[in-house]
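Structure file data.txt; described as compact mmCIF, C-alpha atoms and all ligand atoms.
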```txt
# COMPACT_ATOMS: atom_id res chain seq x y z
CA MET A 16 51.95 -6.28 5.03
CA GLN A 17 49.51 -9.09 4.73
CA ASP A 18 48.24 -9.88 1.27
CA ILE A 19 44.48 -9.63 0.88
CA PRO A 20 42.84 -10.68 -2.38
CA LEU A 21 41.20 -7.60 -3.82
CA GLN A 22 38.55 -7.02 -6.39
CA VAL A 23 38.41 -3.58 -8.00
CA LEU A 24 34.84 -2.58 -8.86
CA PRO A 25 33.92 -0.04 -11.53
CA TYR A 26 34.78 3.46 -10.35
CA SER A 27 35.00 6.97 -11.78
CA VAL A 28 37.79 9.52 -11.52
CA GLN A 29 37.36 13.28 -12.02
CA PRO A 30 40.07 15.91 -11.51
CA ASP A 31 39.16 18.37 -8.75
CA GLY A 32 41.76 21.08 -8.19
CA GLU A 33 44.92 19.32 -7.04
CA ASN A 34 42.90 16.28 -5.98
CA PHE A 35 40.62 13.79 -7.67
CA ILE A 36 37.06 12.79 -6.92
CA ILE A 37 36.75 9.03 -7.09
CA GLY A 38 33.65 7.04 -6.43
CA SER A 39 31.25 4.40 -7.50
CA ALA A 40 27.98 5.17 -9.22
CA ARG A 41 26.74 1.83 -7.87
CA SER A 42 27.16 2.84 -4.22
CA GLY A 43 26.51 6.53 -4.88
CA LYS A 44 29.49 7.36 -2.63
CA PHE A 45 32.32 9.64 -3.66
CA LEU A 46 35.42 11.01 -1.97
CA SER A 47 38.20 13.45 -2.72
CA VAL A 48 41.68 11.91 -2.81
CA PRO A 49 45.24 12.93 -3.77
CA ALA A 50 46.78 11.67 -7.02
CA ASP A 51 48.67 8.93 -5.14
CA VAL A 52 45.45 7.13 -4.30
CA VAL A 53 44.39 7.15 -7.94
CA ALA A 54 47.75 5.64 -8.88
CA ILE A 55 47.43 2.93 -6.19
CA LEU A 56 43.92 2.11 -7.38
CA GLU A 57 45.20 1.78 -10.95
CA ALA A 58 47.93 -0.57 -9.73
CA PHE A 59 45.31 -2.72 -7.98
CA LYS A 60 43.22 -2.72 -11.12
CA ALA A 61 46.23 -3.82 -13.17
CA GLY A 62 46.50 -6.85 -10.90
CA SER A 63 49.10 -5.77 -8.31
CA SER A 64 48.50 -7.05 -4.82
CA PRO A 65 48.68 -4.71 -1.80
CA ALA A 66 52.01 -6.32 -0.85
CA GLN A 67 53.45 -5.57 -4.31
CA VAL A 68 52.25 -1.96 -4.19
CA HIS A 69 53.76 -1.64 -0.72
CA GLN A 70 57.09 -3.00 -2.02
CA ASP A 71 57.06 -0.66 -5.03
CA TYR A 72 56.55 2.35 -2.77
CA LEU A 73 59.34 1.28 -0.41
CA ARG A 74 61.72 0.80 -3.30
CA ARG A 75 60.85 4.17 -4.89
CA ASP A 76 60.24 6.53 -1.95
CA GLY A 77 61.73 4.68 1.01
CA GLU A 78 58.32 4.78 2.73
CA ALA A 79 54.84 3.49 1.99
CA PRO A 80 51.33 4.78 2.72
CA ASP A 81 49.01 2.91 5.09
CA LEU A 82 47.34 0.60 2.61
CA ASP A 83 45.16 -1.20 5.18
CA ASP A 84 43.41 2.04 6.05
CA LEU A 85 43.08 3.01 2.42
CA ILE A 86 41.64 -0.37 1.45
CA GLN A 87 39.11 -0.10 4.24
CA VAL A 88 37.99 3.38 3.15
CA LEU A 89 37.79 2.36 -0.52
CA SER A 90 35.80 -0.76 0.41
CA SER A 91 33.33 1.26 2.43
CA HIS A 92 32.83 3.42 -0.67
CA GLY A 93 32.07 0.41 -2.84
CA ILE A 94 35.23 0.80 -4.95
CA LEU A 95 37.06 -2.28 -3.63
CA SER A 96 35.76 -5.58 -2.41
CA THR A 97 37.84 -7.82 -0.14
CA ALA A 98 37.22 -11.06 1.72
CA ALA A 99 36.69 -8.96 4.87
CA THR A 100 34.29 -6.58 3.14
CA PRO A 101 32.36 -8.65 0.60
CA LEU A 102 29.80 -7.02 -1.61
CA PRO A 103 26.34 -6.78 -0.08
CA GLU A 104 24.06 -9.63 -1.16
CA SER A 105 21.53 -7.42 -2.86
CA PRO A 106 22.88 -4.57 -4.93
CA LEU A 107 21.78 -1.07 -4.04
CA PRO A 108 18.32 -0.18 -5.29
CA ARG A 109 18.32 1.03 -8.85
CA GLY A 110 17.64 4.64 -9.66
CA HIS A 111 14.12 5.94 -10.12
CA PHE A 112 12.92 6.37 -13.71
CA ASP A 113 16.01 4.56 -14.99
CA TRP A 114 13.99 3.64 -18.08
CA ILE A 115 14.62 7.23 -19.20
CA THR A 116 17.68 6.65 -21.37
CA PRO A 117 20.40 9.28 -21.77
CA ALA A 118 19.19 9.76 -25.36
CA MET A 119 15.67 10.50 -24.10
CA GLY A 120 17.10 12.89 -21.53
CA ARG A 121 18.97 14.72 -24.27
CA VAL A 122 15.74 15.20 -26.24
CA LEU A 123 14.61 17.39 -23.32
CA TRP A 124 17.97 18.93 -22.51
CA ASN A 125 20.03 20.12 -25.46
CA ARG A 126 21.21 23.45 -26.78
CA TYR A 127 18.03 23.99 -28.82
CA THR A 128 15.63 23.42 -25.90
CA LEU A 129 17.83 25.65 -23.74
CA ALA A 130 17.64 28.36 -26.42
CA VAL A 131 13.83 28.06 -26.52
CA MET A 132 13.71 28.34 -22.71
CA ALA A 133 15.93 31.43 -22.82
CA ALA A 134 13.63 32.97 -25.47
CA ILE A 135 10.53 32.33 -23.32
CA VAL A 136 12.17 33.90 -20.27
CA LEU A 137 13.33 36.88 -22.33
CA ALA A 138 9.82 37.40 -23.74
CA ALA A 139 8.39 37.31 -20.20
CA VAL A 140 10.95 39.84 -18.96
CA VAL A 141 10.02 42.24 -21.80
CA THR A 142 6.31 41.70 -21.08
CA LEU A 143 6.80 42.39 -17.37
CA TRP A 144 8.84 45.49 -18.13
CA ARG A 145 5.98 46.86 -20.22
CA ASP A 146 3.23 45.73 -17.86
CA PRO A 147 4.65 45.34 -14.31
CA VAL A 148 1.14 44.88 -12.84
CA LEU A 149 1.34 41.25 -13.98
CA LEU A 150 3.84 40.50 -11.23
CA PRO A 151 1.82 39.34 -8.21
CA GLY A 152 2.50 40.42 -4.64
CA TRP A 153 1.74 38.56 -1.43
CA ARG A 154 -1.97 39.20 -2.00
CA ALA A 155 -1.83 36.47 -4.64
CA LEU A 156 -1.83 34.03 -1.74
CA TYR A 157 -4.54 35.84 0.19
CA PHE A 158 -7.93 34.26 -0.36
CA PRO A 159 -10.54 36.08 1.72
CA ARG A 160 -13.29 33.93 0.22
CA ASP A 161 -13.36 30.14 -0.03
CA THR A 162 -10.10 30.24 1.88
CA ALA A 163 -9.67 26.56 2.66
CA ILE A 164 -10.56 25.17 -0.76
CA GLN A 165 -8.28 27.68 -2.50
CA LEU A 166 -5.40 26.99 -0.13
CA LEU A 167 -5.87 23.26 -0.59
CA GLY A 168 -5.93 23.69 -4.37
CA LEU A 169 -2.78 25.78 -4.18
CA MET A 170 -0.98 23.19 -2.01
CA LEU A 171 -1.84 20.46 -4.52
CA LEU A 172 -0.73 22.62 -7.46
CA GLY A 173 2.44 23.41 -5.53
CA MET A 174 3.12 19.69 -5.10
CA ALA A 175 2.54 19.09 -8.81
CA SER A 176 5.02 21.82 -9.71
CA THR A 177 7.51 20.38 -7.20
CA PHE A 178 7.22 17.10 -9.10
CA VAL A 179 7.99 18.93 -12.36
CA HIS A 180 11.00 20.59 -10.67
CA GLU A 181 12.43 17.29 -9.40
CA MET A 182 11.76 15.56 -12.74
CA ALA A 183 13.79 18.34 -14.39
CA HIS A 184 16.78 17.46 -12.19
CA LEU A 185 16.30 13.77 -12.85
CA THR A 186 15.95 14.01 -16.64
CA ALA A 187 18.95 16.37 -16.91
CA ALA A 188 21.01 13.92 -14.86
CA ARG A 189 19.75 11.02 -17.00
CA ALA A 190 20.84 12.97 -20.09
CA ALA A 191 24.36 12.77 -18.64
CA GLY A 192 23.91 9.06 -17.91
CA VAL A 193 23.55 9.49 -14.13
CA SER A 194 21.03 7.49 -12.08
CA CYS A 195 19.04 9.35 -9.42
CA ARG A 196 16.70 8.52 -6.59
CA PHE A 197 13.84 10.60 -5.20
CA SER A 198 13.84 11.00 -1.43
CA ILE A 199 11.95 12.83 1.26
CA GLY A 200 14.13 14.65 3.73
CA ASN A 201 14.41 17.86 5.68
CA GLN A 202 16.28 21.15 5.49
CA LEU A 203 16.07 22.56 9.02
CA TRP A 204 12.39 21.90 9.87
CA PHE A 205 11.13 22.15 6.29
CA VAL A 206 10.14 18.84 4.78
CA VAL A 207 11.60 18.68 1.29
CA TRP A 208 11.33 16.27 -1.53
CA TYR A 209 14.66 16.05 -3.28
CA THR A 210 16.49 14.18 -5.99
CA ASP A 211 19.60 12.36 -4.83
CA MET A 212 22.09 13.02 -7.64
CA SER A 213 25.34 11.96 -5.92
CA GLY A 214 26.22 10.23 -9.21
CA ILE A 215 26.96 13.61 -10.83
CA TRP A 216 30.29 13.60 -8.94
CA ALA A 217 31.39 11.14 -11.60
CA LEU A 218 30.94 13.90 -14.22
CA PRO A 219 33.50 16.58 -15.08
CA ARG A 220 32.88 19.72 -13.03
CA ARG A 221 31.33 21.82 -15.81
CA ARG A 222 28.89 19.07 -16.74
CA ARG A 223 27.42 19.07 -13.22
CA TYR A 224 25.77 22.48 -13.63
CA LEU A 225 22.85 21.45 -15.85
CA PRO A 226 21.56 18.65 -13.56
CA ILE A 227 22.01 20.94 -10.51
CA LEU A 228 20.28 23.94 -12.10
CA ALA A 229 17.66 22.14 -14.22
CA GLY A 230 15.07 22.39 -11.41
CA PRO A 231 15.29 26.17 -10.86
CA LEU A 232 15.53 26.60 -14.64
CA ILE A 233 12.17 24.86 -15.10
CA ASP A 234 10.71 27.00 -12.27
CA LEU A 235 11.90 30.09 -14.13
CA VAL A 236 10.41 28.87 -17.42
CA SER A 237 7.10 28.09 -15.63
CA ILE A 238 7.08 31.61 -14.21
CA ALA A 239 7.73 33.02 -17.67
CA LEU A 240 4.95 30.94 -19.26
CA LEU A 241 2.48 31.98 -16.55
CA VAL A 242 3.42 35.64 -17.10
CA LEU A 243 2.89 35.28 -20.86
CA VAL A 244 -0.49 33.54 -20.44
CA LEU A 245 -1.70 36.14 -17.91
CA ALA A 246 -0.51 38.92 -20.23
CA ALA A 247 -2.34 37.37 -23.18
CA ASP A 248 -5.49 37.25 -21.08
CA ARG A 249 -5.16 40.92 -20.10
CA GLN A 250 -4.07 42.31 -23.44
CA GLN A 251 -5.69 40.01 -26.01
CA GLY A 252 -8.82 39.42 -23.97
CA TRP A 253 -8.64 35.63 -23.68
CA GLY A 254 -11.50 35.98 -21.22
CA PHE A 255 -10.29 33.87 -18.28
CA ALA A 256 -12.65 33.58 -15.31
CA PRO A 257 -11.50 35.63 -12.29
CA TYR A 258 -10.99 32.37 -10.39
CA THR A 259 -8.57 31.05 -13.07
CA VAL A 260 -6.63 34.32 -13.04
CA SER A 261 -6.29 34.26 -9.26
CA LEU A 262 -5.16 30.63 -9.26
CA LEU A 263 -2.58 31.25 -12.02
CA SER A 264 -1.29 34.34 -10.17
CA ALA A 265 -1.02 32.32 -6.97
CA LEU A 266 0.92 29.58 -8.76
CA LEU A 267 3.19 32.24 -10.28
CA PHE A 268 3.84 33.65 -6.82
CA VAL A 269 4.59 30.20 -5.37
CA ASN A 270 7.14 29.61 -8.14
CA LEU A 271 8.71 33.00 -7.39
CA LEU A 272 8.96 32.01 -3.72
CA ARG A 273 10.66 28.80 -4.77
CA ILE A 274 13.34 30.79 -6.59
CA VAL A 275 13.78 32.92 -3.46
CA TRP A 276 14.11 29.70 -1.43
CA GLN A 277 16.95 28.68 -3.77
CA CYS A 278 18.82 31.75 -2.53
CA TYR A 279 18.83 30.26 0.99
CA PHE A 280 22.51 29.48 0.65
CA PHE A 281 22.71 28.48 4.31
CA ILE A 282 20.99 25.16 3.59
CA ARG A 283 21.47 22.66 0.80
CA THR A 284 19.50 24.27 -2.01
CA ASP A 285 20.23 23.95 -5.73
CA PHE A 286 21.98 27.34 -5.83
CA TYR A 287 24.09 26.25 -2.86
CA TYR A 288 25.25 23.18 -4.78
CA ALA A 289 25.92 25.23 -7.92
CA LEU A 290 28.01 27.73 -5.93
CA SER A 291 29.97 25.09 -4.06
CA ASN A 292 30.64 23.39 -7.39
CA LEU A 293 31.83 26.73 -8.79
CA PHE A 294 34.17 27.36 -5.84
CA GLY A 295 35.29 23.74 -5.76
CA CYS A 296 34.15 23.25 -2.16
CA LYS A 297 32.87 19.71 -1.81
CA ARG A 298 31.23 19.98 1.59
CA LEU A 299 31.14 23.69 2.37
CA LEU A 300 28.13 23.44 4.68
CA GLN A 301 29.57 20.59 6.77
CA ASP A 302 33.01 22.23 6.94
CA THR A 303 31.47 25.54 8.01
CA GLU A 304 29.44 23.86 10.75
CA ASP A 305 32.61 22.11 11.97
CA TRP A 306 34.48 25.43 11.87
CA LEU A 307 31.75 27.16 13.89
CA ARG A 308 31.75 24.28 16.39
CA ASN A 309 35.52 24.69 16.79
CA ARG A 310 35.13 28.45 17.33
CA TRP A 311 32.42 27.82 19.92
CA ALA A 312 34.68 25.33 21.71
CA ARG A 313 37.55 27.80 21.72
CA LEU A 314 35.29 30.56 23.10
CA ARG A 315 34.48 28.32 26.06
CA GLY A 316 38.15 27.48 26.56
CA ARG A 317 37.75 23.92 25.27
CA VAL A 318 39.85 22.03 22.75
CA GLU A 319 38.79 22.24 19.09
CA ALA A 320 36.94 19.02 18.42
CA ILE A 321 37.34 18.69 14.67
CA ASP A 322 40.65 18.72 12.87
CA GLN A 323 40.35 20.86 9.74
CA SER A 324 44.04 21.08 8.91
CA GLY A 325 43.49 18.77 5.94
CA LEU A 326 41.21 21.24 4.15
CA PRO A 327 42.69 22.76 0.97
CA ALA A 328 43.54 26.48 1.37
CA HIS A 329 40.98 27.64 -1.22
CA GLU A 330 38.20 25.81 0.64
CA ARG A 331 39.30 27.19 4.02
CA ARG A 332 39.22 30.75 2.66
CA MET A 333 35.51 30.42 1.81
CA ILE A 334 34.47 29.34 5.30
CA PRO A 335 34.37 32.62 7.32
CA ALA A 336 32.25 34.37 4.64
CA TYR A 337 29.96 31.39 4.38
CA ALA A 338 29.70 31.21 8.18
CA ALA A 339 28.22 34.75 8.17
CA ILE A 340 25.59 33.67 5.61
CA TRP A 341 24.95 30.51 7.65
CA LEU A 342 24.33 32.47 10.87
CA GLY A 343 22.28 35.26 9.25
CA GLY A 344 20.17 32.81 7.27
CA ARG A 345 19.43 30.71 10.33
CA GLY A 346 18.40 33.88 12.19
CA ILE A 347 15.85 34.67 9.48
CA ALA A 348 14.62 31.08 9.38
CA PHE A 349 14.16 30.96 13.16
CA SER A 350 12.14 34.20 13.11
CA LEU A 351 9.99 32.64 10.42
CA LEU A 352 9.43 29.60 12.63
CA LEU A 353 8.62 31.70 15.71
CA PHE A 354 6.49 34.38 14.11
CA VAL A 355 4.79 32.60 11.20
CA GLN A 356 4.87 28.81 11.27
CA LEU A 357 4.27 28.20 14.99
CA PRO A 358 1.50 30.84 15.37
CA LEU A 359 -0.29 29.32 12.36
CA PHE A 360 0.09 25.87 13.89
CA VAL A 361 -1.23 27.04 17.27
CA SER A 362 -4.23 28.74 15.61
CA TYR A 363 -5.08 25.46 13.91
CA LEU A 364 -4.84 23.71 17.30
CA PHE A 365 -7.26 26.24 18.78
CA LEU A 366 -9.59 25.74 15.83
CA LEU A 367 -9.47 22.02 16.49
CA TRP A 368 -10.18 22.53 20.20
CA GLU A 369 -13.08 24.87 19.49
CA SER A 370 -14.70 22.50 17.05
CA ILE A 371 -14.39 19.60 19.51
CA THR A 372 -15.87 21.54 22.41
CA ALA A 373 -18.47 23.44 20.36
CA PRO A 374 -22.14 22.73 21.12
CA ALA A 375 -23.75 20.33 18.67
CA SER A 376 -25.94 23.08 17.22
CA ALA A 377 -22.94 25.16 16.05
CA GLN A 378 -21.82 25.29 12.39
CA PRO A 379 -19.41 22.39 11.73
CA VAL A 380 -15.94 23.23 10.41
CA PRO A 381 -15.84 22.50 6.65
CA VAL A 382 -13.86 19.41 5.70
CA THR A 383 -11.54 21.41 3.41
CA THR A 384 -10.43 23.52 6.38
CA TRP A 385 -9.61 20.30 8.19
CA LEU A 386 -7.62 18.96 5.26
CA ALA A 387 -5.65 22.16 4.73
CA GLY A 388 -4.88 22.39 8.46
CA LEU A 389 -3.96 18.72 8.70
CA LEU A 390 -1.59 18.90 5.72
CA PHE A 391 0.12 22.02 7.05
CA SER A 392 0.47 20.67 10.62
CA THR A 393 1.70 17.24 9.52
CA LEU A 394 4.41 18.82 7.37
CA LEU A 395 5.55 21.11 10.19
CA ILE A 396 5.55 18.40 12.88
CA ALA A 397 7.32 15.90 10.60
CA GLY A 398 9.91 18.55 9.67
CA LEU A 399 10.52 19.52 13.30
CA ALA A 400 10.85 15.85 14.28
CA MET A 401 13.36 15.07 11.50
CA TRP A 402 15.34 18.19 12.38
CA ALA A 403 15.43 17.31 16.10
CA ARG A 404 16.54 13.75 15.37
CA GLN A 405 19.35 15.13 13.21
CA LEU A 406 20.55 17.50 15.93
CA TRP A 407 21.16 14.87 18.59
CA PRO A 408 22.81 11.65 17.53
CA ARG A 409 25.54 12.91 15.20
CA LYS A 410 26.36 9.86 13.15
CA GLY A 411 29.49 10.01 11.02
CA LYS A 412 28.40 10.71 7.48
CA ILE A 413 30.88 10.46 4.67
CA ASP A 414 30.19 12.50 1.62
CA ALA A 415 32.34 13.92 -1.09
ZN ZN B 501 15.99 21.45 -7.01
```
Go ahead and express the file in the form of structure tokens.
Amino acid sequence: MQDIPLQVLPYSVQPDGENFIIGSARSGKFLSVPADVVAILEAFKAGSSPAQVHQDYLRRDGEAPDLDDLIQVLSSHGILSTAATPLPESPLPRGHFDWITPAMGRVLWNRYTLAVMAAIVLAAVVTLWRDPVLLPGWRALYFPRDTAIQLLGLMLLGMASTFVHEMAHLTAARAAGVSCRFSIGNQLWFVVWYTDMSGIWALPRRRRYLPILAGPLIDLVSIALLVLVLAADRQQGWGFAPYTVSLLSALLFVNLLRIVWQCYFFIRTDFYYALSNLFGCKRLLQDTEDWLRNRWARLRGRVEAIDQSGLPAHERRMIPAYAAIWLGGRGIAFSLLLFVQLPLFVSYLFLLWESITAPASAQPVPVTTWLAGLLFSTLLIAGLAMWARQLWPRKGKIDA
């Protein structure tokens, strides 16, 4: 065993079933390891060289683990630095809104604010129970008049409330001292704006729930506040204009849809993360996709491509049930693509074609219609493109 000078960088350790999740907040990468690895890492940190650790193992157990491999994996996760794997010149970009200190985060997220939120939601539930008419149906999104301007207004309001949702995740994570980054990505062909909170793996399991659920919690509180305001208007005669009422109802409905979207457990939504944290499955979605790929290979008489023998028993037990949700959910999502999203997109294309080929004397298409159509089409095309790119070159991605 050749002796490589090692530098141990700051890392976190959290118990996770029989294993431990170790990682570096600096690199944002985490992995699940057995207790042995934690002990080896502690030996390195105490100043032992790989050769010494190797010797100690031989003396104690008569055999030693493959330290070269381990050192390479730990280096790629930013936990160790060696001459062969020096630290990158520029450190990783800092988190967004890092000026929000943990103390500031805790002003927003503490047991008192949570109690106030619970009281608001409870008040809204009682109000809805007494006056169920307040709950909007799909018609809340149906604007027969001034269609384009209303849709555009709703899209912008929707984006604003998405910002509030993501800020909720971020501030709750900051309250626990975790740095986050905002990113744009895709779930299937839906473009999503999400908060990368990999740093919460450094927290004990039960402290991960608030950052994960802070977003949906704020959605729920927004829904409750909208219900209470609409109820006040109806019952106390606040005298809102019909336009205001319809916009508030539409926003309420959009927030309700967002909660429904959270129940899409077959993609990485907040509820998915909360559930996998609850069941202690670190990469349930990835493992299920691997499992399905193996099944598919076996059906065609091929060899199973991915070795899953290393999965803990409790994680393996979850997979078949989750596979059913995965398949059913994708079925629903594909029907949505075929019967709603694509027809809408094609109608916009026709509209575009008609307006280009229309005689000069015809009524021009209002600019708001253009904007609404453009926004919708861009999001769909970008989502489909990101999804397609993900399907083909399968690059090895390591996540905890
Ligand atoms: Zn969220």
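For the set A:Val53, A:Ala188, A:Ala130, A:Leu85, the residue with the smallest atom-to-atom gap to ligand ZN 501 (chain B) is A:Ala188, counting all atoms listed in the file.
Using all atoms listed in the file, the protein and nucleic acid residues lying no more than 10 Å from Gly344 (chain A), apart from those fewer than 6 places from it along its own chain, are Cys278, Tyr279, Phe280, Phe281, Ile282 and Ala338 of chain A.
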Close residues, Arg223 (chain A) itself excluded, 8 Å, only C-alpha atoms, min 6 positions apart in chain, as a list in words: Ile215, Trp216 and Asn292 of chain A
I need the residues from that last selection saved to file as a CSV table (one decimal), in the frame of the given file (with C-alpha atoms), if you can.
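In the end it all went to part.csv:
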```csv
chain,number,residue,atom,x,y,z
A,215,ILE,CA,27.0,13.6,-10.8
A,216,TRP,CA,30.3,13.6,-8.9
A,292,ASN,CA,30.6,23.4,-7.4
```
Check which residues fall inside 6 Å of ligand ZN 501 (chain B) when counting only C-alpha atoms and all ligand atoms, and print them as a list in words. Glu181, Gly230 and Asp285 of chain A
One-decimal distance in Å that lies between CA of Leu395 (chain A) and CA of Glu369 (chain A): 21.2 Å
Quick one: distance from CA of Gln251 (chain A) to CA of Ile238 (chain A) in Å, one decimal?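 Separating CA of Gln251 (chain A) from CA of Ile238 (chain A) is a distance of 19.3 Å.
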Step by step, gather every atom of region 277-287 of chain A that the file lists, find the box along x, y and z that holds them, add 6 Å on each side, and finally give centre and edge lengths in Å to one decimal, as JSON.
```
{"center_x": 20.5, "center_y": 27.2, "center_z": -0.8, "size_x": 19.1, "size_y": 21.1, "size_z": 22.1}
```
To one decimal place, how far is CA of Thr162 (chain A) from CA of Ala348 (chain A) in Å?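 So the answer is 25.8 Å.
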If you count all atoms listed in the file, which residues fall within 9 Å of Gly388 (chain A), apart from same-chain ones fewer than 3 positions away, as number ranges by chain? A: 163, 360, 363-364, 383-385, 391-393
List the residues sitting within 12 Å of (-3.0, 41.2, -20.3) in the file's frame, using all atoms listed in the file, as a JSON list (two decimals) with C-alpha atoms, in the coordinates of the input.
```
[["chain", "number", "residue", "atom", "x", "y", "z"],
["A", 142, "THR", "CA", 6.31, 41.70, -21.08],
["A", 143, "LEU", "CA", 6.80, 42.39, -17.37],
["A", 145, "ARG", "CA", 5.98, 46.86, -20.22],
["A", 146, "ASP", "CA", 3.23, 45.73, -17.86],
["A", 147, "PRO", "CA", 4.65, 45.34, -14.31],
["A", 148, "VAL", "CA", 1.14, 44.88, -12.84],
["A", 149, "LEU", "CA", 1.34, 41.25, -13.98],
["A", 150, "LEU", "CA", 3.84, 40.50, -11.23],
["A", 241, "LEU", "CA", 2.48, 31.98, -16.55],
["A", 242, "VAL", "CA", 3.42, 35.64, -17.10],
["A", 243, "LEU", "CA", 2.89, 35.28, -20.86],
["A", 244, "VAL", "CA", -0.49, 33.54, -20.44],
["A", 245, "LEU", "CA", -1.70, 36.14, -17.91],
["A", 246, "ALA", "CA", -0.51, 38.92, -20.23],
["A", 247, "ALA", "CA", -2.34, 37.37, -23.18],
["A", 248, "ASP", "CA", -5.49, 37.25, -21.08],
["A", 249, "ARG", "CA", -5.16, 40.92, -20.10],
["A", 250, "GLN", "CA", -4.07, 42.31, -23.44],
["A", 251, "GLN", "CA", -5.69, 40.01, -26.01],
["A", 252, "GLY", "CA", -8.82, 39.42, -23.97],
["A", 253, "TRP", "CA", -8.64, 35.63, -23.68],
["A", 254, "GLY", "CA", -11.50, 35.98, -21.22],
["A", 255, "PHE", "CA", -10.29, 33.87, -18.28],
["A", 260, "VAL", "CA", -6.63, 34.32, -13.04]]
```
If you count all atoms listed in the file, which residues fall within 8 Å of Ala239 (chain A), apart from same-chain ones fewer than 5 positions away, as a PyMOL selection string? chain A and resi 135-136+138-140
Which neighbours of Asp51 (chain A) fall inside 10 Å, counting only C-alpha atoms, when residues of the same chain fewer than 4 positions from it are skipped, and could you give them as a VMD selection string? chain A and resid 34 to 35 55 to 57 80
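The nearest approach to Leu225 (chain A) among the residues A:Lys297, A:Arg75, A:Arg126, A:Arg283, with all atoms listed in the file taken into account, belongs to A:Arg126.
When only C-alpha atoms are used to measure the gap to Ile227 (chain A), the shortest distance among A:Leu82, A:Leu300, A:Leu185, A:Leu95 belongs to A:Leu185.
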With only C-alpha atoms as the atoms that count, which of A:Arg332, A:Arg220, A:Arg196, A:Arg74 lies nearest to Thr303 (chain A)?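 For Thr303 (chain A), the nearest of the candidates is A:Arg332.
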Quick one: of A:Glu319, A:Trp306, A:Phe349, A:Ala175, who's nearest to Pro335 (chain A), counting only C-alpha atoms?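 The closest residue to Pro335 (chain A) is A:Trp306.
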From the list A:Gly168, A:Ala403, A:Gln323, A:Pro257, which residue is nearest Arg308 (chain A) when using all atoms listed in the file? A:Gln323
Within 12 Å of (8.4, 16.9, 0.8) in the file's own coordinates, which protein, DNA or RNA residues have an atom, counting only C-alpha atoms? List them as a count of residues only. 28
